[in-house]
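Data first, discussion second: the structure below is written as C-alpha cells.
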Amino acid sequence: MASGCVGTGRGRWFAFIGLVSVAAVTLVATASPAEAARKKRRQVSGGYAPPYAAMVVDAKSGRTLHAVNEDAARIPASITKVMTLYLLFEQLERGRLSMDSPLRVSANAAREAPSKIGFEPGETIAVRDAILALITKSANDVATTVAENVGGSEDEFARMMTARARSLGMSRTTFYNAHGLPHDPPNITTARDLTILARAIQERFPRYYPMFGTRVFNYAGGAYRNHNKLLGRIEGVDGIKTGYTRASGFNLMTSAKADGRHVVSVVLGGRSGAARDKVMADLVVAALPRATSGGRSAPMVAEAPALAPEPPARPAAIAQAAAAQAVVAQAPEPAPMPVPRPRIEPELPAAARAYAATPTTTPIAPPRAISASAGQPLQLSGMRPVSATTTPSAMRWSIGAPAADGKVLRPPANVDTTSSIAKVAEPAPAAQVALAQPEPRKIEASEPKPAARPVEKAAPASKWVIQLGATDDESKARDILARARAKAAGPLADASPFTQKVESRGTTLYRARFAGFEESKDAEKACAQLKRGGFACFATRG
C-alpha cells in the first residue's frame with residue numbers, strides 16, 4: 001500500500017516536471033522570434049544618425065576655414081528664427097515698429113507646439129520682449145505672432161523670409177514658416193547659406209545683434225535661459241542660435257570674436273546637444289587662430305544685390321534633397337506631397353509689400369504656387385512630422401561687440417546681467433594681439449587632482465607656447481595647467497606653466513599656457529598628447 005502511494009506521488013511529480021518543461025520550451029519558442037526581431041531592428045537602425053553638415057567662414061575675408069557637406073540640403077529647425085528676427089529688425093530700422101510696440105497674439109499663434117511662452121489669444125507682447133523670447137526660449141508662439149503682425153499671415157511672412165534670403169545670396173534656402181517646426185514640405189537650407197545669414201544679421205544690425213548674447217530672459221514671472229551653452233564657455237563666442245527637430249538633428253549657428261579675428265560657424269545634424277556643442281567648440285578653437293586679424297577684405301553680405309530668378313527645381317535635384325533627409329531607417333515612407341494650387345493673394349500690409357517683387361523659387365524645395373508641368377513634387381523619404389524641442393541651458397547675459405556707430409542696444413531691466421562664469425572675451429589691446437588666442441574652457445570629469453606646481457604669472461621667453469583654456473578665475477587656470485602636466489608629463493617635462501591675464505572693458509579672463517617650446521613641432525606634439533587626454537589646446541608663437 002505504501003509502495004503504491006509512493007509510486008503514485010513520484011509519478012505525479014514527474015508529470016508536473018514534464019508540464020513545466022513543455023511550458024518553458026513553448027515560451028522560449030514564442031519569445032525567440034520576437035527577441036530576434038528586436039535585435040534585428042536595432043542592428044538595422046544603427047542608432048540616431050541625422051544628416052550632418054558643417055561650415056566655418058572667416059567673416060573678415062570670406063575665406064572658408066572648414067566645410068563638410070556645406071551645399072547639401074538640410075533642415076534648419078529653430079535656426080529659422082534668425083531670419084524671423086532679421087525681418088523684425090528691418091521693421092525697427094525703418095521706424096514701422098518700436099521696441100515698445102505691442103504684437104497681438106492670435107488663436108493660431110497660441111496653438112503652436114512647444115517650445116513656447118504660453119500666451120492666450122488676444123494677449124500682446126512688446127517687440128523687445130518678443131526678440132528676447134525668440135533668442136532665449138526659442139518660443140514658437142512668439143515666432144508666429146511676429147510673422148502675423150509683420151506679414152499679415154504666416155504664409156506671406158514665409159514668402160518675405162525666402163525673398164530676403166535670395167537678396168542675401170542664400171540661393172538654396174526656402175522657408176515655409178517662421179519658427180522651424182516640422183512642415184510639409186519643411187524649411188530647407190544649407191550650411192553655406194546659414195553662414196551668409198550669420199554674417200548678414202551682424203553687419204546689417206549691429207545695434208540689435210548683441211541681444212543674441214542674452215543668457216537669461218525674465219518675463220511674466222518666468223526665467224527663460226538661452227539654449228546656446230557655448231556662451232561663456234568658449235572664449236569669444238557671442239551668439240547666436242540653436243535648433244532641433246527629429247528630422248534635422250541638433251543644429252547650432254555661432255559667432256566668435258577674439259583678438260581682432262571673427263568667424264561664423266554652422267553645425268547641422270548633431271546626434272545630441274552635447275555632441276553638437278563639442279564639434280562646434282573644436283571648430284571654433286581651431287579656426288579662430290587661422291582667421292584674418294587685419295582689416296576687412298570681404299564685402300558686406302547685406303550689401304549684395306538681389307539675385308535673378310532661378311529656374312524651377314529639376315527632378316534630380318529634388319531627389320537628392322529628399323535622400324539627404326532620410327534620418328530614421330525604419331520610418332514609413334510618406335505619401336507624395338500634392339502639388340499646391342495657386343491662390344488669390346490678399347491685400348498685403350505695407351511691410352509685406354516691400355518684398356513682393358523678389359523671386360522666391362529655389363532648386364531645393366518647390367515654390368508655393370507651381371503648375372503641374374514644373375517637375376515632380378518634393379518627397380522627403382523617411383521623414384515624419386514631429387514636435388520640435390530645444391536644448392536646455394543655464395546661462396546669463398553677455399554683451400557682444402559694439403555697433404559701428406557706438407550705439408549698442410543694452411539689456412533691458414528684466415534681463416539678468418550677472419554671471420558667475422567666464423564672460424565673452426572682448427578684443428585684446430593692440431600690443432597683445434600677437435599673443436592673445438582663444439581657447440575653450442573645459443570641464444573635465446572628476447579625478448584625483450595632482451599636486452599643483454607653482455605657476456609663474458609672467459610669461460617666460462619662448463618661441464612657441466600652447467594654450468589650454470581661459471577661465472574667469474586664476475586658480476582654475478592653474479588647476480588646468482596642473483592636470484595637464486599630469487596627463488602629458490613627457491612633452492611638458494621642460495615646459496613652463498603660466499597664466500596670462502586679459503582685461504577689456506570690465507571683462508577679465510585668465511589664460512592657461514605652457515611656454516618653453518623652441519620648435520612648432522614640439523608644441524604640436526605636446527598638444528596632440530593633451531588632446532588624447534581630453535584637453536583642448538593649440539600652439540601659437542610666443
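Identifiers in this document derive from the order of the C-alpha cells: chains are assigned A, B, ..., residues are numbered from 1 separately in each chain, and ligands are numbered from 1 in order of occurrence.
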
- Message: as a list in words, please: every residue in segment 17-207 of chain A that a backbone DSSP assignment puts in strand (DSSP E or B).
- Response: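 Reading the DSSP output for segment 17-207 of chain A, strand (DSSP E or B) covers Ala53, Ala54, Met55, Val56, Val57, Asp58, Thr64, Leu65, His66, Ala67, Val68, Arg74, Pro102, Leu103, Arg104, Thr124, Ile125, Ala126, Thr174, Ile188 and Thr189 of chain A.
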
Shell around segment 194-201 of chain A at 8 Å using only C-alpha atoms, local window under 3 positions removed, as an mmCIF file with N, CA and C atoms, in the first residue's frame:
```
data_model
loop_
_atom_site.group_PDB
_atom_site.id
_atom_site.type_symbol
_atom_site.label_atom_id
_atom_site.label_comp_id
_atom_site.auth_asym_id
_atom_site.auth_seq_id
_atom_site.Cartn_x
_atom_site.Cartn_y
_atom_site.Cartn_z
ATOM 1 N N MET A 55 30.173 74.155 -41.533
ATOM 2 C CA MET A 55 30.977 75.125 -42.269
ATOM 3 C C MET A 55 31.446 76.216 -41.312
ATOM 4 N N VAL A 56 32.694 76.660 -41.498
ATOM 5 C CA VAL A 56 33.264 77.772 -40.741
ATOM 6 C C VAL A 56 33.826 78.767 -41.746
ATOM 7 N N VAL A 57 33.488 80.050 -41.576
ATOM 8 C CA VAL A 57 33.904 81.089 -42.508
ATOM 9 C C VAL A 57 34.560 82.236 -41.743
ATOM 10 N N ALA A 59 34.824 85.790 -41.189
ATOM 11 C CA ALA A 59 33.876 86.850 -41.501
ATOM 12 C C ALA A 59 34.537 88.058 -42.140
ATOM 13 N N VAL A 82 16.346 82.997 -36.818
ATOM 14 C CA VAL A 82 17.314 84.058 -37.105
ATOM 15 C C VAL A 82 16.808 84.928 -38.258
ATOM 16 N N MET A 83 16.237 84.301 -39.281
ATOM 17 C CA MET A 83 15.661 85.081 -40.377
ATOM 18 C C MET A 83 14.404 85.814 -39.920
ATOM 19 N N TYR A 86 15.654 88.783 -38.349
ATOM 20 C CA TYR A 86 16.205 89.687 -39.360
ATOM 21 C C TYR A 86 15.108 90.598 -39.904
ATOM 22 N N ALA A 165 16.125 85.961 -48.122
ATOM 23 C CA ALA A 165 17.218 85.003 -48.289
ATOM 24 C C ALA A 165 17.829 85.122 -49.680
ATOM 25 N N LEU A 168 20.085 88.107 -50.072
ATOM 26 C CA LEU A 168 21.356 87.975 -49.358
ATOM 27 C C LEU A 168 22.295 86.980 -50.038
ATOM 28 N N GLY A 169 21.807 86.269 -51.036
ATOM 29 C CA GLY A 169 22.633 85.273 -51.705
ATOM 30 C C GLY A 169 22.418 83.869 -51.201
ATOM 31 N N MET A 170 21.393 83.653 -50.366
ATOM 32 C CA MET A 170 21.076 82.316 -49.859
ATOM 33 C C MET A 170 20.223 81.604 -50.903
ATOM 34 N N THR A 189 17.539 74.528 -46.218
ATOM 35 C CA THR A 189 18.680 75.432 -46.339
ATOM 36 C C THR A 189 19.942 74.607 -46.511
ATOM 37 N N THR A 190 21.093 75.273 -46.435
ATOM 38 C CA THR A 190 22.397 74.603 -46.439
ATOM 39 C C THR A 190 23.282 75.266 -45.399
ATOM 40 N N ALA A 191 24.353 74.584 -45.037
ATOM 41 C CA ALA A 191 25.303 75.172 -44.091
ATOM 42 C C ALA A 191 25.906 76.457 -44.661
ATOM 43 N N ARG A 204 24.320 94.050 -40.787
ATOM 44 C CA ARG A 204 23.195 94.934 -41.053
ATOM 45 C C ARG A 204 22.635 95.554 -39.776
ATOM 46 N N PHE A 205 22.669 94.815 -38.658
ATOM 47 C CA PHE A 205 22.018 95.285 -37.438
ATOM 48 C C PHE A 205 22.966 95.239 -36.224
ATOM 49 N N PRO A 206 24.055 96.006 -36.257
ATOM 50 C CA PRO A 206 24.992 95.979 -35.120
ATOM 51 C C PRO A 206 24.391 96.512 -33.817
ATOM 52 N N TYR A 209 22.168 93.125 -32.718
ATOM 53 C CA TYR A 209 22.800 91.806 -32.641
ATOM 54 C C TYR A 209 23.254 91.419 -31.230
ATOM 55 N N ILE A 240 24.902 82.392 -31.890
ATOM 56 C CA ILE A 240 23.694 83.133 -31.987
ATOM 57 C C ILE A 240 22.442 82.255 -31.775
ATOM 58 N N MET A 253 24.257 77.573 -34.791
ATOM 59 C CA MET A 253 24.926 78.654 -35.506
ATOM 60 C C MET A 253 25.627 79.517 -34.468
ATOM 61 N N THR A 254 26.919 79.775 -34.652
ATOM 62 C CA THR A 254 27.652 80.592 -33.684
ATOM 63 C C THR A 254 28.462 81.669 -34.386
ATOM 64 N N SER A 255 28.819 82.657 -33.591
ATOM 65 C CA SER A 255 29.745 83.715 -33.999
ATOM 66 C C SER A 255 30.758 83.867 -32.881
ATOM 67 N N VAL A 264 32.300 82.855 -38.236
ATOM 68 C CA VAL A 264 30.931 82.364 -38.059
ATOM 69 C C VAL A 264 30.934 80.891 -38.424
ATOM 70 N N SER A 265 30.187 80.103 -37.662
ATOM 71 C CA SER A 265 30.226 78.649 -37.818
ATOM 72 C C SER A 265 28.819 78.079 -37.769
ATOM 73 N N VAL A 266 28.619 77.002 -38.501
ATOM 74 C CA VAL A 266 27.331 76.309 -38.520
ATOM 75 C C VAL A 266 27.583 74.810 -38.434
ATOM 76 N N MET A 300 30.438 93.535 -47.500
ATOM 77 C CA MET A 300 29.343 93.318 -46.558
ATOM 78 C C MET A 300 28.284 92.430 -47.215
ATOM 79 N N VAL A 301 27.863 91.407 -46.510
ATOM 80 C CA VAL A 301 26.870 90.495 -47.071
ATOM 81 C C VAL A 301 25.568 91.215 -47.363
ATOM 82 N N ALA A 302 25.134 92.066 -46.453
ATOM 83 C CA ALA A 302 23.846 92.740 -46.615
ATOM 84 C C ALA A 302 23.848 93.720 -47.769
#
```

- Would you mind writing down, as a PyMOL selection string, each residue of segment 161-330 of chain A that DSSP on the backbone assigns to alpha helix (DSSP H)? chain A and resi 161-168+191-204+273-287+315-324

- Have a look at atom CA of Asp494 of chain A and atom CA of Ala536 of chain A and let me know their distance in Å, one decimal.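 Between these atoms lies a distance of 20.0 Å.
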